[in-house]
2 protein chains.
Amino acid sequence: MTAPGKLYLVPAPLDFGCATAAPLCDCMPDGTLRVASRLQHWVCENARSTRAYLKRVGMVHALMYPLQQLVLHELPHAVHKKGDHRGEFDARPLLADAIAGHDMGLVSEAGMPAIADPGSSVVRAAHALGITVAPLVGPVSLMLSLAASGLNGQDFAFVGYLPQEGTERAARVRVLEKIALTRGQTQLFIEVPYRNAALLQTLLQVLAPTTWLAVSAGLTMESGQSRSASIAAWRRPGWAPDNSTPAVFAIGA
Amino acid sequence: MTAPGKLYLVPAPLDFGCATAAPLCDCMPDGTLRVASRLQHWVCENARSTRAYLKRVGMVHALMYPLQQLVLHELPHAVHKKGDHRGEFDARPLLADAIAGHDMGLVSEAGMPAIADPGSSVVRAAHALGITVAPLVGPVSLMLSLAASGLNGQDFAFVGYLPQEGTERAARVRVLEKIALTRGQTQLFIEVPYRNAALLQTLLQVLAPTTWLAVSAGLTMESGQSRSASIAAWRRPGWAPDNSTPAVFAIGA
């Protein structure tokens, strides 16, 4: 019987779709790019953007298999939308190539797969099948943002997206503020880029003047920005988040 | 008036003190090493290990300033022990070199500064002084472990160390399990290496058989290991965490 291959968790750069993308080596370790360059079998969110990423990898390390010979398995659309962390999606069939002895890569659209992104069902399936899971180093926007926030990095939570509906959203912000202030646990969340400014407005209205808010966007890029200040300071005009780049928000004491 | 320098958050490798350390480029982006190689002014936990790290950096990119010309400001010991996220420590004097116009680096003993490590007071001081904060990409053991766990990465919390006293520790584990199961929020925590096995024993005794537990240690190293399984599966003998490497524990649904 063939020994199964490994499942490598391959991070992707955060500058996707950006015209001024920097060289991959600026934010990806050579070790990660070297592994990516030799894998033929992949599980991904989107085959087209995975090919575009691997084409960039190939400019650093020649790909062992040409793009047209790559075997790319896409996660189903339902998994993208609803997430795959509730154990409802059985990802084991996606790992047939690993069972057949091939090393595989799991990649998401940006950053670390399975963090603030789908992929955990694939990792869980690997553990269930006795496939070794090997996470590789790369950019994680949540951690770049948390470190840059100056807020408590020894107790923190990431809670995903906030509700969209106004009253519900304000109520959720109040709950997160209470946790941040009473337990000292930094609360991180994200928003789709075109709603960055609207979310910031809600935060400025709902949070107390002494509560601390940090917003980061475009980190690892030339245009990257990070601001951390009290709500009172945020309420003075002068800073607006870019509505074209994913942002990470953090509330702290 | 001179414009202030930037504060770069410089990650360190996770293989510190390890005899079989791999080349730095395996897990550090070239862009990060390039910035580190040109900085003269640093805030660190320990000057000696910072010099050892920068000596390794110098093997990849020649240091712009020789080791004996580096200016290394250590965080006070009280900050190491108690943490510096409660706003009691004023780190502004440590950034005098940045105010004088020099770019500075903030580095911790391993991984990302200010995450599961001291440093947030320095970042916060930088924001207060109008110094631009630029986080650089590198390994973050918490995120490598979370991705490798297969547990929910779209809602998670890191809670630091658990209490050491037995009854208190068991009670805390039960609280974390309840949050993980009822809210679906993965709960991550760490332990000092020589207590890894003891913590695992507590977890196997206290958690329910169907609760999921993931343990990772030594990630980014050849000896790295990651296991994720139900408590029922963990209770069967066969796997023991290495008591010499920091481990990350995660509880999930």
# chains A, B, ... in the order shown; residues from 1 in each chain; ligands from 1

call {"tool": "interface_residues", "arguments": {"of": "chain B", "to": "chain A", "cutoff": "8 Å", "atoms": "only C-alpha atoms", "output": "JSON, numbers by chain"}}
result
{"B": [9, 25, 26, 27, 28, 29, 30, 31, 32, 83, 85, 86, 112, 113, 114, 115, 116, 117, 119, 120, 121, 122, 123, 124, 127, 128, 133, 134, 135, 136, 137, 138, 139, 140, 143, 144, 145, 146, 147, 148, 149, 150, 151, 152, 153, 154, 155, 156, 157, 158, 159, 160, 219, 220, 226, 227, 228, 229]}

call {"tool": "atom_distance", "arguments": {"atom1": "atom CA of His41 of chain A", "atom2": "atom CA of Met104 of chain A"}}
result
4.9 Å

call {"tool": "residues_around", "arguments": {"residues": "Gly5 of chain A", "least_positions_apart": "5", "cutoff": "7 Å", "atoms": "only C-alpha atoms", "output": "JSON list (two decimals) with N, CA and C atoms, in the first residue's frame"}}
result
[["chain", "number", "residue", "atom", "x", "y", "z"],
["A", 98, "ALA", "N", -4.06, 12.63, -2.28],
["A", 98, "ALA", "CA", -3.13, 12.42, -1.16],
["A", 98, "ALA", "C", -3.14, 10.96, -0.74],
["A", 99, "ILE", "N", -4.34, 10.38, -0.69],
["A", 99, "ILE", "CA", -4.44, 8.95, -0.33],
["A", 99, "ILE", "C", -3.68, 8.11, -1.36],
["A", 101, "GLY", "N", -1.01, 8.89, -2.66],
["A", 101, "GLY", "CA", 0.43, 9.03, -2.47],
["A", 101, "GLY", "C", 1.02, 10.38, -2.87],
["A", 102, "HIS", "N", 0.17, 11.29, -3.41],
["A", 102, "HIS", "CA", 0.70, 12.59, -3.82],
["A", 102, "HIS", "C", 0.65, 13.60, -2.68],
["A", 103, "ASP", "N", 1.69, 14.42, -2.55],
["A", 103, "ASP", "CA", 1.60, 15.58, -1.67],
["A", 103, "ASP", "C", 0.59, 16.54, -2.26],
["A", 104, "MET", "N", -0.19, 17.21, -1.40],
["A", 104, "MET", "CA", -1.19, 18.16, -1.88],
["A", 104, "MET", "C", -1.00, 19.52, -1.22],
["A", 131, "ILE", "N", -3.54, 11.67, 7.19],
["A", 131, "ILE", "CA", -2.64, 12.43, 6.32],
["A", 131, "ILE", "C", -1.94, 13.50, 7.16]]

call {"tool": "residues_around", "arguments": {"residues": "Ala110 of chain A", "least_positions_apart": "6", "cutoff": "6 Å", "atoms": "only C-alpha atoms", "output": "ChimeraX atom specification"}}
result
/A:12-14

call {"tool": "select_by_dssp", "arguments": {"residues": "segment 46-245 of chain A", "states": "alpha helix (DSSP H)", "output": "compact mmCIF listing (two decimals) with C-alpha atoms, in the first residue's frame"}}
result
# COMPACT_ATOMS: atom_id res chain seq x y z
CA ALA A 47 -8.84 27.44 -9.76
CA ARG A 48 -8.28 30.54 -11.86
CA SER A 49 -6.73 32.66 -9.12
CA THR A 50 -4.73 29.66 -7.84
CA ARG A 51 -3.19 29.34 -11.32
CA ALA A 52 -2.41 33.08 -11.30
CA TYR A 53 -0.72 32.72 -7.89
CA LEU A 54 1.29 29.67 -8.97
CA LYS A 55 2.37 31.51 -12.10
CA ARG A 56 3.90 34.14 -9.78
CA VAL A 57 5.50 31.35 -7.70
CA GLY A 58 7.00 30.00 -10.94
CA MET A 59 8.80 33.30 -11.49
CA VAL A 60 10.74 32.62 -8.27
CA HIS A 77 -19.58 27.29 -3.62
CA ALA A 78 -21.77 26.45 -0.63
CA VAL A 79 -18.58 26.08 1.42
CA HIS A 80 -17.35 29.54 0.37
CA LYS A 81 -20.60 31.15 1.38
CA LYS A 82 -21.55 29.36 4.57
CA ALA A 96 -8.09 11.22 -2.91
CA ASP A 97 -4.84 12.33 -4.57
CA ALA A 98 -3.13 12.42 -1.16
CA ILE A 99 -4.44 8.95 -0.33
CA SER A 120 -10.88 23.77 7.89
CA SER A 121 -13.04 20.91 6.59
CA VAL A 122 -10.14 19.80 4.38
CA VAL A 123 -7.67 19.91 7.26
CA ARG A 124 -10.06 17.98 9.48
CA ALA A 125 -10.56 15.37 6.74
CA ALA A 126 -6.75 15.03 6.49
CA HIS A 127 -6.50 14.29 10.22
CA ALA A 128 -9.34 11.76 9.92
CA SER A 141 -3.71 39.74 7.89
CA LEU A 142 -5.37 39.26 11.30
CA MET A 143 -2.01 38.90 13.07
CA LEU A 144 -0.31 41.74 11.19
CA SER A 145 -3.25 43.93 12.18
CA LEU A 146 -3.34 42.75 15.79
CA ALA A 147 0.41 43.33 16.27
CA ALA A 148 0.12 46.76 14.65
CA SER A 149 -2.87 47.70 16.84
CA GLY A 166 -28.30 48.29 11.60
CA THR A 167 -29.88 47.58 15.00
CA GLU A 168 -28.47 44.09 15.16
CA ARG A 169 -25.03 45.38 14.17
CA ALA A 170 -25.03 48.09 16.85
CA ALA A 171 -26.10 45.54 19.47
CA ARG A 172 -23.29 43.22 18.44
CA VAL A 173 -20.74 46.06 18.64
CA ARG A 174 -21.93 46.77 22.20
CA VAL A 175 -21.50 43.11 23.18
CA LEU A 176 -17.96 43.05 21.75
CA GLU A 177 -17.07 46.31 23.50
CA LYS A 178 -18.27 44.89 26.80
CA ILE A 179 -16.08 41.79 26.39
CA ALA A 180 -13.10 43.94 25.39
CA LEU A 181 -13.52 46.26 28.39
CA THR A 182 -14.51 43.82 31.14
CA ARG A 183 -12.31 40.86 30.20
CA ASN A 196 -15.40 49.71 5.53
CA ALA A 197 -16.49 53.35 5.83
CA ALA A 198 -20.03 52.44 6.93
CA LEU A 199 -18.73 50.08 9.61
CA LEU A 200 -16.34 52.76 10.87
CA GLN A 201 -19.28 55.19 11.16
CA THR A 202 -21.24 52.67 13.24
CA LEU A 203 -18.24 52.10 15.51
CA LEU A 204 -17.74 55.84 16.06
CA GLN A 205 -21.41 56.23 16.96
CA VAL A 206 -21.77 53.22 19.23
CA ILE A 231 -12.82 56.73 19.88
CA ALA A 232 -12.59 60.36 21.03
CA ALA A 233 -9.53 60.82 18.79
CA TRP A 234 -11.15 58.88 15.93
CA ARG A 235 -14.14 61.26 16.03

call {"tool": "closest_residue", "arguments": {"among": "B:Ile190, B:Leu72, B:Ala240, B:Met64", "to": "Val35 of chain B", "atoms": "only C-alpha atoms"}}
result
B:Met64

call {"tool": "select_by_dssp", "arguments": {"residues": "segment 109-218 of chain A", "states": "strand (DSSP E or B)", "output": "ChimeraX atom specification"}}
result
/A:111,133-135,156-161,186-191,212-217

call {"tool": "write_last_selection", "arguments": {"atoms": "N, CA and C atoms", "output": "CSV table (one decimal), in the first residue's frame"}}
result
chain,number,residue,atom,x,y,z
A,111,GLY,N,-3.9,35.1,2.2
A,111,GLY,CA,-3.5,34.7,3.5
A,111,GLY,C,-3.5,33.2,3.8
A,133,VAL,N,-0.5,16.9,8.3
A,133,VAL,CA,-0.8,18.3,7.9
A,133,VAL,C,0.4,19.2,8.2
A,134,ALA,N,0.9,19.9,7.2
A,134,ALA,CA,2.1,20.7,7.4
A,134,ALA,C,1.8,22.2,7.0
A,135,PRO,N,1.6,23.0,8.0
A,135,PRO,CA,1.3,24.4,7.7
A,135,PRO,C,2.6,25.2,7.4
A,156,PHE,N,-7.1,37.6,23.0
A,156,PHE,CA,-7.8,38.2,21.9
A,156,PHE,C,-8.7,37.2,21.2
A,157,ALA,N,-9.7,37.7,20.5
A,157,ALA,CA,-10.7,36.9,19.7
A,157,ALA,C,-10.9,37.5,18.4
A,158,PHE,N,-11.1,36.6,17.4
A,158,PHE,CA,-11.5,37.0,16.1
A,158,PHE,C,-12.9,36.5,15.9
A,159,VAL,N,-13.9,37.4,15.5
A,159,VAL,CA,-15.3,36.9,15.5
A,159,VAL,C,-15.9,37.0,14.1
A,160,GLY,N,-15.1,37.2,13.1
A,160,GLY,CA,-15.6,37.2,11.7
A,160,GLY,C,-16.3,38.5,11.3
A,161,TYR,N,-17.4,38.3,10.6
A,161,TYR,CA,-18.2,39.5,10.1
A,161,TYR,C,-19.2,39.9,11.2
A,186,THR,N,-9.1,41.6,23.4
A,186,THR,CA,-9.2,42.4,22.2
A,186,THR,C,-10.1,41.6,21.2
A,187,GLN,N,-11.1,42.4,20.6
A,187,GLN,CA,-12.0,41.8,19.7
A,187,GLN,C,-11.8,42.2,18.3
A,188,LEU,N,-11.4,41.3,17.4
A,188,LEU,CA,-11.1,41.5,16.0
A,188,LEU,C,-12.3,41.1,15.1
A,189,PHE,N,-12.5,41.9,14.1
A,189,PHE,CA,-13.5,41.5,13.1
A,189,PHE,C,-13.2,42.1,11.7
A,190,ILE,N,-13.9,41.6,10.7
A,190,ILE,CA,-13.6,42.1,9.3
A,190,ILE,C,-14.8,42.5,8.6
A,191,GLU,N,-14.7,43.2,7.5
A,191,GLU,CA,-15.8,43.7,6.7
A,191,GLU,C,-15.4,43.6,5.2
A,212,TRP,N,-10.7,51.9,22.8
A,212,TRP,CA,-9.7,52.0,21.8
A,212,TRP,C,-10.1,51.2,20.6
A,213,LEU,N,-9.9,51.8,19.4
A,213,LEU,CA,-10.2,51.2,18.1
A,213,LEU,C,-9.0,51.2,17.2
A,214,ALA,N,-8.7,50.1,16.6
A,214,ALA,CA,-7.6,50.0,15.6
A,214,ALA,C,-8.1,49.6,14.3
A,215,VAL,N,-7.7,50.2,13.2
A,215,VAL,CA,-8.1,49.7,11.9
A,215,VAL,C,-6.9,49.6,11.0
A,216,SER,N,-6.7,48.5,10.3
A,216,SER,CA,-5.6,48.2,9.4
A,216,SER,C,-6.2,47.8,8.1
A,217,ALA,N,-5.5,48.3,7.0
A,217,ALA,CA,-5.9,47.8,5.7
A,217,ALA,C,-4.7,47.8,4.8

call {"tool": "atom_distance", "arguments": {"atom1": "atom CA of Gln164 of chain A", "atom2": "atom CA of Phe249 of chain A"}}
result
15.3 Å

call {"tool": "atom_distance", "arguments": {"atom1": "atom CA of Arg92 of chain B", "atom2": "atom CA of His73 of chain B"}}
result
12.0 Å

call {"tool": "residues_around", "arguments": {"residues": "Gln69 of chain B", "least_positions_apart": "3", "cutoff": "8 Å", "atoms": "only C-alpha atoms", "output": "JSON, numbers by chain"}}
result
{"B": [40, 65, 66]}

call {"tool": "write_last_selection", "arguments": {"atoms": "N, CA and C atoms", "output": "PDB file, in the first residue's frame"}}
result
ATOM      1  N   GLN B  40      19.471  49.769  12.864  1.00  0.00           N
ATOM      2  CA  GLN B  40      20.489  49.874  13.915  1.00  0.00           C
ATOM      3  C   GLN B  40      19.853  49.922  15.307  1.00  0.00           C
ATOM      4  N   TYR B  65      24.889  47.726   9.936  1.00  0.00           N
ATOM      5  CA  TYR B  65      25.677  48.124  11.104  1.00  0.00           C
ATOM      6  C   TYR B  65      26.201  46.867  11.785  1.00  0.00           C
ATOM      7  N   PRO B  66      27.505  46.807  12.085  1.00  0.00           N
ATOM      8  CA  PRO B  66      28.020  45.612  12.744  1.00  0.00           C
ATOM      9  C   PRO B  66      27.354  45.407  14.105  1.00  0.00           C
TER      10      PRO B  66
END
